[in-house]
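Down below is the structure, laid out as structure tokens.
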Amino acid sequence: MKKNRKETLIPLEKSKRTIRIDKRGYTPGGHPVLSGIFGITGILCIIYCIGIAITGFGTYFFLIWSAMGVCSLGLAFILRSGRIMNAVPVWLKAGFWILFFTGLFVFGAVEAKILSRYGAQALPGADYCVILGAQWKDSGPSEVLRRRLDKALEYLESSPDTKVIVTGGQGGNESKPEAVGMREYLMQAGIGEERILVEDSSASTYENLVFSSEFLDPARDRVVIVTNNFHVFRAMSIAKKQGYANVEGLAASTPLGSGPNNLLREFMGVVKDFFVGNL
């Protein structure tokens, strides 16, 4: 090189070159840890849905687990893809996570209320025992309803002066009104017909309690509400809103393995009743 050759100086900011070597198949911007969490969650939701479908459970609500599983797997894919994540506006990602964690907080708070009544017990000697309705099958009470009835029988045997109100109308997939089948079940177990009052027009927990109040004095009578553990909080909250001044809950157990499904469904029931003014 000739000593007298002019050399052009290149500004430092233009001369800097960054070489970044990425993992094969991975574009920076993704979140592999979060992706893994949602991926595992999605798989577990789908497996649980299949398990509930095999064992059988009254309604088709359990299908929501399949939908949740598919959504979780989709989110896992998006979080894993750096290209997609880099293309999503920051404000949209921030808004999504704010809604997600707000929803998670609300879900946890409501579930804590539900679980607070999970082991509810009632003192003997109430004026009335109200058994909330559930599905009646051609073969007899569903497992959920059978457990309510058996728990009520224990209470009625220890409280011979307590009258019992059976509640529930006839659904489209039921051969008879729930309350009628419940009365037959109690009578076969030895409860006298004169102790049983029948409310066979209701189609929801709210109606169970509103229609049952016609048989008693909500402001004065001591009432025990018998239902499954996951349902006690909502049932008692509705009862108090409807003027039941002296009300207690009595929790029956639930089938093994159905707990998560029941708790999710009950969360939605609590939210629905809150917004329509039942709670």
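Please note that chains go A, B, ... in the order of the structure tokens, that every chain numbers its residues from 1, and that ligands are numbered from 1 in the order shown.
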Out of range 127-218 of chain A, which residues get alpha helix (DSSP H) from DSSP, as number ranges by chain? A: 143-158, 178-188, 205-212
Please report, as a PyMOL selection string, each residue of range 1-196 of chain A to which DSSP assigns strand (DSSP E) when run on this structure's backbone. chain A and resi 128-131+136-137+140-141+163-167+196
Spatial neighbours of range 255-262 of chain A, max dist 8 Å, only C-alpha atoms, sep filter under 2 positions, as a PyMOL selection string: chain A and resi 52+62+143-144+230+253+264-266
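Among A:Val271, A:Leu149, A:Tyr128, A:Lys240, the residue with the shortest atom-to-atom distance to Leu216 in chain A, counting only C-alpha atoms, is A:Tyr128.
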Return the single residue from A:Thr205, A:Gln135, A:Thr167, A:Thr254 that is closest to Asp150 in chain A, with distances computed using only C-alpha atoms.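 When distances to Asp150 in chain A are compared using only C-alpha atoms, the smallest one comes from A:Thr254.
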Extract, using only C-alpha atoms, all DNA, RNA and protein residues at most 12 Å from Glu157 in chain A, discarding same-chain residues fewer than 2 positions from it, and format them as a list in words.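 Neighbouring residues, sequence-local ones excluded: Pro124, Gly125, Cys129, Asp150, Lys151, Ala152, Leu153, Glu154, Tyr155, Ser159, Pro160, Asp161, Thr162, Lys163, Val164, Leu186, Ala189, Gly190, Ile191, Gly192 and Arg195 of chain A.
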